[in-house]
Each structure stands twice: as C-alpha cells, then as structure tokens.
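File shown here: model12.txt, holding compact mmCIF, C-alpha atoms.
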# COMPACT_ATOMS: atom_id res chain seq x y z
CA MET K 2 0.00 0.00 0.00
CA GLU K 3 2.87 2.34 0.85
CA HIS K 4 4.53 1.48 -2.48
CA ILE K 5 1.34 2.42 -4.36
CA SER K 6 1.11 5.71 -2.45
CA THR K 7 4.75 6.52 -3.26
CA ASN K 8 4.20 5.80 -6.96
CA ARG K 9 1.11 7.99 -6.95
CA ARG K 10 3.03 10.87 -5.38
CA LYS K 11 5.74 10.51 -8.01
CA THR K 12 3.15 10.49 -10.79
CA MET K 13 1.42 13.58 -9.41
CA ALA K 14 4.79 15.34 -9.07
CA ARG K 15 5.55 14.60 -12.73
CA LEU K 16 2.11 15.82 -13.79
CA HIS K 17 2.61 19.03 -11.86
CA LYS K 18 6.04 19.50 -13.45
CA ALA K 19 4.43 19.09 -16.87
CA GLU K 20 1.76 21.67 -16.03
CA VAL K 21 4.44 24.11 -14.90
CA MET K 22 6.39 23.60 -18.14
CA ILE K 23 3.31 24.21 -20.28
CA ALA K 24 2.17 27.24 -18.28
CA GLY K 25 5.70 28.66 -18.31
CA GLU K 26 6.04 28.25 -22.07
CA GLN K 27 2.66 29.87 -22.69
CA LEU K 28 3.67 32.81 -20.47
CA ARG K 29 7.01 33.16 -22.26
CA LEU K 30 5.33 33.39 -25.65
CA ARG K 31 2.80 35.95 -24.40
CA LEU K 32 5.58 38.10 -22.93
CA HIS K 33 7.48 37.99 -26.23
CA ASP K 34 4.30 39.08 -28.03
CA GLY K 35 3.81 41.90 -25.52
CA LYS K 36 7.45 43.02 -25.94
CA LEU K 37 8.16 42.64 -22.22
CA ILE K 38 11.01 40.31 -23.12
CA LYS K 39 13.67 42.25 -24.97
CA GLU K 40 17.31 43.30 -24.94
CA ARG K 41 18.18 45.51 -21.98
CA ARG K 42 21.28 47.32 -20.67
CA TYR K 43 22.42 47.39 -17.06
CA HIS K 44 25.75 48.67 -15.72
CA LEU K 45 27.20 49.07 -19.24
CA ARG K 46 26.34 45.47 -20.10
CA THR K 47 23.70 44.21 -22.52
CA TYR K 48 21.37 41.37 -21.56
CA PRO K 49 19.32 39.88 -24.45
CA ASN K 50 15.85 38.35 -24.09
CA CYS K 51 15.20 39.40 -20.50
CA PHE K 52 12.47 41.12 -18.50
CA VAL K 53 12.26 43.43 -15.47
CA ALA K 54 10.69 41.70 -12.47
CA GLN K 55 8.73 44.79 -11.43
CA GLU K 56 7.28 45.24 -14.94
CA LEU K 57 6.28 41.58 -15.10
CA THR K 58 4.54 41.81 -11.73
CA ASP K 59 2.57 44.80 -13.05
CA TRP K 60 1.66 42.78 -16.15
CA LEU K 61 0.51 39.72 -14.20
CA VAL K 62 -1.82 41.81 -12.03
CA SER K 63 -3.17 43.94 -14.89
CA HIS K 64 -3.84 40.84 -17.04
CA LYS K 65 -5.72 39.12 -14.18
CA GLU K 66 -3.16 36.32 -13.98
CA SER K 67 -2.68 37.16 -10.32
CA PRO K 68 -5.00 38.87 -7.79
CA ASP K 69 -2.16 40.86 -6.21
CA ARG K 70 1.58 41.46 -6.33
CA ALA K 71 2.41 39.04 -3.54
CA THR K 72 0.71 36.18 -5.39
CA ALA K 73 2.46 37.20 -8.60
CA VAL K 74 5.82 36.91 -6.84
CA CYS K 75 4.85 33.44 -5.56
CA LEU K 76 3.91 32.36 -9.09
CA MET K 77 7.23 33.49 -10.55
CA GLN K 78 9.13 31.89 -7.68
CA HIS K 79 7.33 28.65 -8.56
CA LEU K 80 8.67 28.96 -12.12
CA MET K 81 12.17 29.62 -10.76
CA ASP K 82 11.97 26.54 -8.54
CA HIS K 83 11.20 24.44 -11.63
CA ASP K 84 14.11 25.86 -13.69
CA ILE K 85 11.81 27.79 -16.04
CA VAL K 86 13.08 31.27 -15.09
CA HIS K 87 16.35 32.49 -13.54
CA HIS K 88 18.20 35.70 -12.71
CA VAL K 89 20.33 36.84 -15.66
CA CYS K 90 23.53 36.46 -13.59
CA ASP K 91 22.24 33.60 -11.42
CA LYS K 92 23.07 35.69 -8.36
CA ARG K 93 19.56 35.66 -6.89
CA PRO K 94 17.78 32.36 -6.18
CA VAL K 95 14.53 34.16 -5.32
CA PHE K 96 12.20 36.29 -7.42
CA LYS K 97 11.95 39.86 -6.13
CA ASP K 98 9.40 42.50 -7.10
CA ALA K 99 12.11 45.00 -8.00
CA LYS K 100 14.02 46.44 -10.93
CA LEU K 101 16.00 43.25 -11.43
CA LEU K 102 16.54 41.35 -14.67
CA TYR K 103 15.36 37.79 -15.11
CA ARG K 104 15.19 35.50 -18.13
CA PHE K 105 13.44 32.34 -19.30
CA ARG K 106 15.94 29.50 -19.58
CA LYS K 107 14.57 28.58 -23.00
CA ASP K 108 15.67 32.02 -24.22
CA ASP K 109 19.33 31.52 -23.35
CA GLY K 110 19.77 27.77 -23.89
CA THR K 111 20.14 26.83 -20.21
CA PHE K 112 16.88 24.89 -19.99
CA PRO K 113 17.70 21.39 -18.69
CA PHE K 114 16.76 18.94 -21.45
CA ASN K 115 17.02 15.84 -19.28
CA THR K 116 15.34 12.49 -19.91
CA GLU K 117 12.13 13.58 -18.21
CA VAL K 118 11.81 16.70 -20.38
CA LYS K 119 12.57 14.75 -23.56
CA VAL K 120 9.87 12.18 -22.75
CA PHE K 121 7.45 15.00 -22.01
CA MET K 122 8.16 16.72 -25.35
CA ARG K 123 7.84 13.39 -27.20
CA GLY K 124 4.48 12.80 -25.51
CA GLN K 125 3.28 16.28 -26.44
CA ARG K 126 4.25 15.78 -30.07
CA LEU K 127 2.48 12.40 -30.23
CA TYR K 128 -0.63 13.91 -28.63
CA GLU K 129 -0.75 16.73 -31.19
CA HIS K 130 -0.36 14.31 -34.10
CA LEU K 131 -3.00 11.94 -32.74
CA ILE K 132 -5.56 14.61 -31.93
CA ALA K 133 -5.15 16.33 -35.30
CA GLY K 134 -5.46 13.19 -37.43
CA LYS K 135 -8.56 12.62 -39.56
CA ASP K 136 -9.09 9.05 -38.36
CA SER K 137 -7.69 9.53 -34.88
CA ILE K 138 -7.51 6.51 -32.61
CA LEU K 139 -8.49 8.80 -29.71
CA GLN K 140 -12.21 8.06 -29.48
CA LEU K 141 -15.07 7.53 -27.04
CA ARG K 142 -14.75 3.90 -25.95
CA GLU K 143 -16.13 1.63 -23.22
CA GLU K 144 -14.38 -0.67 -20.79
CA HIS K 145 -16.38 -2.67 -18.23
CA GLY K 146 -19.48 -0.59 -18.95
CA VAL K 147 -17.78 2.79 -18.39
CA ALA K 148 -17.27 5.24 -21.27
CA TYR K 149 -13.96 7.08 -21.60
CA GLN K 150 -13.41 10.03 -23.92
CA ARG K 151 -10.32 10.20 -26.14
CA SER K 152 -9.22 6.71 -25.16
CA PHE K 153 -7.33 4.15 -27.24
CA PRO K 154 -6.44 0.45 -27.06
CA GLY K 155 -2.76 -0.16 -26.36
CA CYS K 156 -2.38 -2.35 -29.46
CA GLN K 157 -3.81 0.37 -31.71
CA LEU K 158 -1.32 2.92 -30.40
CA ILE K 159 1.53 0.52 -31.19
CA ASP K 160 0.09 0.04 -34.70
CA TRP K 161 -0.06 3.83 -35.15
CA LEU K 162 3.51 4.32 -33.95
CA LEU K 163 4.74 1.73 -36.47
CA GLN K 164 2.69 3.14 -39.36
CA ASN K 165 3.99 6.66 -38.71
CA GLY K 166 7.63 5.68 -38.33
CA GLU K 167 7.82 6.63 -34.65
CA VAL K 168 9.27 3.22 -33.72
CA GLU K 169 10.90 0.36 -35.60
CA SER K 170 9.31 -2.59 -33.80
CA ARG K 171 6.44 -3.44 -31.49
CA ARG K 172 8.90 -4.02 -28.67
CA GLN K 173 10.32 -0.54 -29.14
CA GLY K 174 6.78 0.82 -29.20
CA VAL K 175 5.94 -0.87 -25.90
CA GLU K 176 9.12 0.54 -24.35
CA LEU K 177 8.15 4.05 -25.48
CA CYS K 178 4.62 3.72 -24.13
CA CYS K 179 5.90 2.37 -20.82
CA ALA K 180 8.16 5.42 -20.56
CA LEU K 181 5.19 7.69 -21.32
CA GLN K 182 3.18 5.96 -18.58
CA GLU K 183 6.07 6.10 -16.13
CA HIS K 184 6.40 9.85 -16.67
CA GLY K 185 2.68 10.50 -16.27
CA ILE K 186 1.87 11.21 -19.93
CA ILE K 187 -0.54 8.29 -20.46
CA GLN K 188 -2.26 5.85 -18.10
CA HIS K 189 -4.79 3.04 -18.02
CA VAL K 190 -8.31 4.50 -17.97
CA SER K 191 -9.04 3.08 -14.51
CA LYS K 192 -5.40 3.21 -13.36
CA LYS K 193 -5.32 -0.56 -12.78
CA HIS K 194 -2.77 -1.77 -15.33
CA ASN K 195 0.65 -0.99 -16.69
CA PHE K 196 0.96 -0.58 -20.44
CA PHE K 197 0.46 -3.71 -22.53
CA ASP K 198 0.24 -4.31 -26.29
CA SER K 199 -3.36 -5.42 -25.90
CA GLY K 200 -6.97 -4.25 -26.05
CA LEU K 201 -6.80 -2.50 -22.67
CA LEU K 202 -7.84 1.17 -22.87
CA TYR K 203 -5.51 4.04 -22.09
CA GLN K 204 -5.75 7.85 -22.09
CA PHE K 205 -3.43 10.83 -22.10
CA CYS K 206 -3.18 12.25 -18.59
CA ILE K 207 -2.38 15.75 -19.87
CA ASN K 208 -4.52 17.89 -22.13
CA PHE K 209 -1.74 19.78 -23.90
CA ARG K 210 -4.19 22.00 -25.75
CA ARG K 211 -5.80 23.67 -22.76
CA ARG K 212 -4.62 27.19 -22.04
CA ARG K 213 -3.31 27.33 -18.49
CA ARG K 214 -3.84 30.13 -15.99
CA LEU K 215 -0.80 30.76 -13.82
CA SER K 216 -2.93 30.67 -10.69
CA GLU K 217 -3.44 26.95 -11.36
CA LEU K 218 0.20 26.34 -10.45
CA LEU K 219 -0.52 27.13 -6.82
CA ASN K 220 -3.49 24.77 -6.65
CA GLU K 221 -1.45 21.57 -6.52
CA SER K 222 -3.49 20.10 -3.68
CA GLU K 223 -6.67 20.36 -5.76
CA ARG K 224 -4.99 18.64 -8.69
CA ASP K 225 -3.72 15.84 -6.46
CA ASN K 226 -7.30 14.99 -5.48
CA GLU K 227 -8.51 15.09 -9.05
CA GLU K 228 -9.47 11.64 -10.31
CA GLY K 229 -10.26 12.51 -13.93
CA VAL K 230 -7.82 12.31 -16.79
CA ALA K 231 -7.34 15.17 -19.24
CA VAL K 232 -10.48 16.91 -18.06
CA GLN K 233 -11.95 18.95 -20.85
CA THR K 234 -12.68 22.62 -20.19
CA PRO K 235 -14.35 25.28 -22.35
CA GLU K 236 -10.86 26.55 -23.20
CA ASP K 237 -9.68 23.24 -24.61
CA ASN K 238 -10.52 24.07 -28.20
CA ARG K 239 -9.86 27.80 -28.19
CA PRO K 240 -8.08 28.66 -31.43
CA ASP K 241 -5.74 31.09 -29.71
CA SER K 242 -4.18 28.46 -27.50
CA PRO K 243 -0.46 28.13 -28.27
CA PHE K 244 -0.82 24.34 -28.14
CA VAL K 245 -3.69 24.09 -30.66
CA VAL K 246 -3.01 23.00 -34.21
CA ARG K 247 -5.48 25.39 -35.74
CA LYS K 248 -7.54 24.10 -38.64
CA THR K 249 -8.88 27.48 -39.75
CA LEU K 250 -6.49 30.13 -40.98
CA PRO K 251 -6.83 33.71 -39.74
CA GLN K 252 -7.99 36.51 -42.00
CA GLU K 253 -5.54 37.57 -44.65
CA ALA K 254 -3.02 40.14 -43.54
CA ASN K 255 0.19 41.49 -44.94
CA ASN K 256 3.22 39.77 -43.52
CA GLY K 257 6.74 40.35 -44.69
CA PHE K 258 9.74 38.06 -44.91
CA GLN K 259 12.98 39.94 -44.42
CA SER K 260 16.41 39.10 -45.68
CA VAL K 261 19.69 40.92 -46.02
CA GLY K 262 21.41 40.84 -49.38
CA SER K 263 25.11 41.05 -50.05
CA SER K 264 24.84 44.84 -50.02
CA LYS K 265 23.41 44.63 -46.47
CA ASP K 266 20.32 46.51 -47.58
CA LEU K 267 17.13 45.34 -45.94
CA LYS K 268 14.57 43.88 -48.33
CA GLN K 269 10.96 43.00 -47.68
CA VAL K 270 8.72 40.77 -49.74
CA THR K 271 5.05 40.85 -48.83
CA SER K 272 2.63 38.02 -49.41
CA GLY K 273 -1.06 37.54 -48.86
CA ARG K 274 -0.39 35.59 -45.67
CA ARG K 275 2.57 33.83 -44.15
CA GLY K 276 3.01 30.17 -44.88
CA SER K 277 5.00 27.49 -43.09
CA LEU K 278 8.70 26.78 -43.36
CA ASN K 279 8.25 25.44 -46.87
CA SER K 280 6.19 28.42 -48.00
CA LEU K 281 9.28 29.41 -49.93
CA GLN K 282 9.40 26.44 -52.24
CA LEU K 283 12.76 24.69 -52.24
CA HIS K 284 14.07 24.23 -55.76
CA SER K 285 17.03 22.22 -56.90
CA THR K 286 18.61 25.44 -58.13
CA GLY K 287 18.79 26.73 -54.57
CA LEU K 288 16.46 29.61 -55.48
CA SER K 289 13.58 30.18 -53.11
CA PRO K 290 10.54 31.75 -54.76
CA LEU K 291 7.69 32.74 -52.47
CA VAL K 292 4.53 30.72 -52.77
CA ASN K 293 1.64 33.14 -52.58
CA LEU K 294 -1.29 31.77 -50.61
CA SER K 295 -3.66 34.45 -51.84
CA SER K 296 -4.62 35.56 -55.32
CA THR K 297 -1.65 37.94 -55.60
CA PRO K 298 0.79 37.02 -58.38
CA LEU K 299 3.82 34.90 -57.53
CA GLU K 300 6.87 36.86 -56.39
CA ARG K 301 10.55 36.04 -56.19
CA CYS K 302 12.18 36.24 -52.78
CA ASN K 303 15.92 36.33 -52.07
CA PRO K 304 17.27 35.57 -55.57
CA GLN K 305 20.77 35.85 -54.11
CA SER K 306 22.29 34.30 -51.02
CA VAL K 307 22.42 36.52 -47.94
CA LEU K 308 25.97 35.28 -47.26
CA SER K 309 28.90 37.41 -48.33
CA ARG K 310 30.80 34.17 -49.01
CA ASN K 311 30.33 30.44 -48.54
CA PHE K 312 31.54 28.67 -45.40
CA THR K 313 32.51 25.03 -44.93
CA CYS K 314 31.50 23.00 -41.88
CA GLU K 315 35.15 22.80 -40.88
CA GLU K 316 35.44 26.60 -40.90
CA LEU K 317 32.41 26.94 -38.64
CA LEU K 318 33.79 24.43 -36.13
CA SER K 319 37.40 25.59 -36.17
CA PRO K 320 38.76 27.14 -32.92
CA GLY K 321 38.50 30.92 -32.90
CA ALA K 322 35.87 31.03 -35.65
CA PRO K 323 33.93 34.34 -35.53
CA PHE K 324 30.64 32.73 -34.49
CA ILE K 325 28.69 32.45 -31.28
CA LYS K 326 26.51 29.43 -30.49
CA ARG K 327 22.89 30.07 -29.52
CA VAL K 328 19.98 27.78 -28.65
CA LEU K 329 16.59 29.07 -29.81
CA THR K 330 13.12 27.66 -29.18
CA VAL K 331 10.58 28.35 -31.93
CA MET K 332 6.94 27.45 -31.41
CA GLY K 333 5.16 27.18 -34.75
CA ASP K 334 1.69 28.63 -35.13
CA ALA K 335 -1.13 27.72 -37.50
CA LEU K 336 0.82 29.16 -40.44
CA GLY K 337 4.18 27.64 -39.71
CA TRP K 338 7.47 28.78 -38.17
CA GLY K 339 8.24 31.88 -40.23
CA PHE K 340 11.77 31.31 -41.52
CA VAL K 341 13.52 29.88 -44.58
CA VAL K 342 16.73 27.88 -44.80
CA ARG K 343 19.06 27.39 -47.78
CA GLY K 344 22.44 25.85 -48.45
CA MET K 345 23.70 22.40 -49.33
CA ALA K 346 25.78 21.98 -46.09
CA PRO K 347 25.99 23.80 -43.90
CA CYS K 348 22.54 25.32 -44.31
CA TYR K 349 21.75 28.82 -43.10
CA VAL K 350 18.79 31.09 -42.46
CA GLN K 351 17.96 32.97 -45.66
CA ALA K 352 14.81 34.84 -44.59
CA VAL K 353 12.78 35.51 -41.45
CA ASP K 354 9.17 36.67 -41.18
CA ARG K 355 9.25 39.83 -39.06
CA GLY K 356 5.97 38.98 -37.33
CA GLY K 357 6.46 35.23 -37.08
CA PRO K 358 7.45 32.82 -34.30
CA ALA K 359 11.05 32.53 -35.51
CA ALA K 360 11.67 36.27 -35.24
CA ALA K 361 10.23 36.30 -31.72
CA ALA K 362 12.57 33.47 -30.73
CA GLY K 363 15.65 35.29 -32.03
CA VAL K 364 16.17 33.57 -35.39
CA LYS K 365 18.10 35.87 -37.74
CA VAL K 366 19.37 35.75 -41.30
CA ARG K 367 22.92 34.42 -41.79
CA GLN K 368 22.66 32.06 -38.80
CA PHE K 369 23.97 28.56 -39.56
CA VAL K 370 21.78 25.69 -38.33
CA CYS K 371 23.74 23.12 -36.31
CA GLN K 372 21.03 21.10 -34.57
CA VAL K 373 17.27 20.57 -34.85
CA ASN K 374 15.64 19.13 -31.73
CA GLY K 375 18.96 17.70 -30.57
CA GLN K 376 19.86 16.13 -33.93
CA ASN K 377 23.08 17.26 -35.62
CA VAL K 378 22.21 18.74 -39.03
CA LEU K 379 25.39 20.68 -39.80
CA TYR K 380 26.30 18.30 -42.63
CA LEU K 381 22.76 18.08 -44.06
CA ASP K 382 21.29 20.16 -46.89
CA TYR K 383 18.38 22.57 -46.60
CA ARG K 384 15.85 20.06 -47.97
CA THR K 385 16.59 17.57 -45.19
CA VAL K 386 16.66 20.25 -42.50
CA SER K 387 13.33 21.62 -43.74
CA TRP K 388 11.84 18.12 -43.67
CA LEU K 389 13.06 17.56 -40.08
CA VAL K 390 11.40 20.77 -38.93
CA MET K 391 8.13 20.22 -40.79
CA THR K 392 7.70 16.60 -39.66
CA GLY K 393 8.77 17.21 -36.07
CA PRO K 394 6.96 18.81 -33.13
CA ARG K 395 5.52 22.32 -33.31
CA ILE K 396 8.08 23.41 -30.71
CA VAL K 397 11.41 23.38 -32.57
CA VAL K 398 14.66 23.73 -30.63
CA LEU K 399 17.40 25.08 -32.91
CA GLU K 400 21.11 25.32 -32.17
CA VAL K 401 22.62 27.93 -34.47
CA LEU K 402 25.96 29.62 -35.04
CA GLU K 403 25.53 33.37 -35.29
CA PRO K 404 28.23 35.54 -36.91
CA LEU K 405 29.88 38.00 -34.55
CA GLU K 406 29.29 41.56 -35.60
Whole structure given in structure tokens:
Amino acid sequence: MEHISTNRRKTMARLHKAEVMIAGEQLRLRLHDGKLIKERRYHLRTYPNCFVAQELTDWLVSHKESPDRATAVCLMQHLMDHDIVHHVCDKRPVFKDAKLLYRFRKDDGTFPFNTEVKVFMRGQRLYEHLIAGKDSILQLREEHGVAYQRSFPGCQLIDWLLQNGEVESRRQGVELCCALQEHGIIQHVSKKHNFFDSGLLYQFCINFRRRRRLSELLNESERDNEEGVAVQTPEDNRPDSPFVVRKTLPQEANNGFQSVGSSKDLKQVTSGRRGSLNSLQLHSTGLSPLVNLSSTPLERCNPQSVLSRNFTCEELLSPGAPFIKRVLTVMGDALGWGFVVRGMAPCYVQAVDRGGPAAAAGVKVRQFVCQVNGQNVLYLDYRTVSWLVMTGPRIVVLEVLEPLE
C-alpha cells in the first residue's frame, strides 16, 4: 500500500512539473508578443531576451493572472523553482518585485533537457499528431461498462507508432509507451494496469491543448485529489491556444519576410499571408521563390544568397571562428514557423518573417543551423533540415551559429 502511495506521489509530481512547463512556455510566448522580453542594458552590459521583475509583476496583475503582487511573486518563484526562469547572472535564487533582470531558460539555452523533459516533449508531439489526425484513434470507448473520452487500445497505439515511423518494432513501441506511462503522460483509464500491447484502454493524462492560468500552479493540492484524466474545459478548443493546431487560418493580412542581401540593404517581400517553413518552395537550383497563398501574383524572394561568401563546416567548427553558439526555441503557429533555410551543407537562415514565431525566438538571417531538436544537421542540406522541422513537433529547438558583428 505504501509502495502504491509513493508511486502515486511521483506520478502527481511529474504531472505538476508538466503543467508548470506548459504554463511557463505559454507565459514566455505571451511576454514575447507583448514586448516585455527584450534586450536591456544594465551597468554598461547588454542582456538579451530578459524582462524586469517589477514590470512583469505589473503585467501579471493587470492581465488578471494574479490577484495581487504578492501572489504574482509566488507564481514566478514557482517557475524559478522548476528551472523555467532564472536571474540573468544567477546571483539571486529568489524572485523579487524590484528592478531586477530575469530570463526564461529557453531564451538563453540553459533549460535542462534531461530524460524527463525529452519524454514530455515526445508525448506532447504524439498527442498533437494523434488529436489532429482525420481518423484519430483517440475516441469515445467503453471498458467494463464505463465510457472514456479520447481513449485508445494499447495495441492500436503501437500500430499507429509503427505506421507513422515513430518506432521500428512493437517491442520498441511498448518501451516508449511504458516510458510515457512512467512519466505521467498516459495511463490506463481506470489506473489498474501498466501498459500492454493489448486491447486495454488508455488515455493521455495531460490535455496539452488547454490554455493554463498561472494561478493553477498554486493549486497543486486540488490537482492531487482530481481523479479525472485530461479533463476537458471550455478553453480546450480555443483557437488562440499556443498548443492548438489550428484548422482554420486567420484573415488575410500582410506579412513580410525579411532578408539581407550582399549589399546589407534590408529587403521586404510581402505576401497575402505567411506560410509554413516550406512556404518558400525549395528548388534544386537553390532559389527560393515565395509561394503566394492568396490571389496575388507569384513573387521572387531572395534571388541571391544573404551570405557574403560560402563557409565550410570545418570553418564553422574551427577554434577561434567568428561565431557564437545560440539555442533558440521556436513554437510554430497555424501558419508555420516563419523562416527559410538554404544551403547544401551547412545550411543557413535565408529569410525571417518579421511577425512570425522565428523572429520572436531570435532567429536571424545568416545564422547557420547546427542542430534541430537535438539532432546534428550541420552536414545536411536545406531540404533535409526543412523536412526535419516540418515533420517534427511544433516546438522546434534550434542550435545555431551566429556571426559575430
């Protein structure tokens, strides 16, 4: 009995950690949109992608995320305790309502991508793919006379993983699902069984699509007593949720992709609406014409490379090379990620949509792409890198080499 109680506490702790990660990421994206996260100077030093604690406290209260300043400080301290936020110099372990600079760890590459986080991100990606599919296996099903929404037989999930290339064998699929269950991503509908490649029903424990309120982070005791799985709320299917794969495109608006030519003059090409990473069709010639998603005639974008000269992979990796490594997290929206890559190896960023997710995350032209979601892509061409981004999760973690000015 004590062993069961211990396991339950571990599961609830993992679920709470997942909720904190989702809520923290949603807050980070909102702060980028609101321009609270930006480059700031303090004592003759520049700190990129940071925010002022006092300004954030004002924002949390004014946006009804917190009833008062004291609660807002508690909420941010909760994010600090879970390695979501930290002081820019790591000199202060507590969050203070003062003119101090703090930063999200995802904005400076210090977020700890341990095994638990990787399993969580894998589970989120699988959930998004399953929920968005036309013939999704997540359906209303019955087990022992009880109906369970968005449930699936274990054997059908293994079949789906094999069909979609997520695993190479049924054994590997079972190992993945056991890891998802161990980390609180999925569970048996009545919490009576471990994962088996059988007709037993399982559900996702986390509804990744629901927009979180920060105040929920302090209600851990209520969540611990909750017996339901992935409880649906009216916000679950809101189209503005950062975790929703939206099926309806927003109204047409002018969005511009920017690139810098060899003359360093800024150019802008406007289209009817922004497309995904492959909106700029990738031709064998290396030229990237813009695919217009409206009725406007087709336009050419970036007929010349933005690089002043070509670089080899060896030059980029050589000691003393004039580049700085950065880790950027780009969350795609309904229209894509908002950047274009070119190059046969190494590939580089050719254009960035000024109003897109990539620009908000710090992606810039002339950056060389080294890794995509932890996979080394330095020696791959732009077609392969584009495919990895488009077939991966909506949250793309890029490691890039940025030229020193």
Which residues come within 8 Å of region 51-58 of chain K, counting all atoms listed in the file, excluding same-chain residues fewer than 4 positions away, as a PyMOL selection string?
chain K and resi 37-41+62+70+73-74+89+96-105
Using all atoms listed in the file, can you tell me which of K:Gly174, K:Gly124, K:Gly344, K:Pro94 comes closest to Ile186 (chain K)?
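When distances to Ile186 (chain K) are compared using all atoms listed in the file, the smallest one comes from K:Gly124.
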For a test of reading the model, state the distance in Å between CA of Pro154 (chain K) and CA of Ile138 (chain K), rounded to one decimal.
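Those two atoms sit 8.3 Å apart.
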Polymer residues at most 6 Å from region 359-373 of chain K, all atoms listed in the file, same-chain spacing of 6 or more positions, as a PyMOL selection string
chain K and resi 331+338-339+348-352+379+398-403
What is the distance between CA of Arg310 (chain K) and CA of Arg384 (chain K), in Å to one decimal?
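Result for CA of Arg310 (chain K) versus CA of Arg384 (chain K): 20.6 Å, one decimal.
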When you draw a straight line from CA of Ala148 (chain K) to CA of Gln204 (chain K), how long is it in Å?
11.8 Å
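The shortest atom-to-atom distance to Gln305 (chain K), with only C-alpha atoms taken into account, belongs to K:Arg343 out of K:Arg42, K:Arg212, K:Lys119, K:Arg343.
For the choices K:Asp84, K:Glu167, K:Glu176, K:Asp198, the atom-to-atom distance to Arg123 (chain K) is smallest for K:Glu167 when using only C-alpha atoms.
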Find the residue from K:Leu405, K:Ala14, K:Val341, K:Met332 that sits nearest to Gly393 (chain K); use all atoms listed in the file when measuring.
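Between K:Leu405, K:Ala14, K:Val341, K:Met332, the residue approaching Gly393 (chain K) most closely is K:Met332.
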Name the residues in contact with Tyr128 (chain K) at a cut-off of 10 Å, using only C-alpha atoms, excluding same-chain residues fewer than 6 positions from it; report them as a PyMOL selection string.
chain K and resi 122+139+186-187+205+207-210
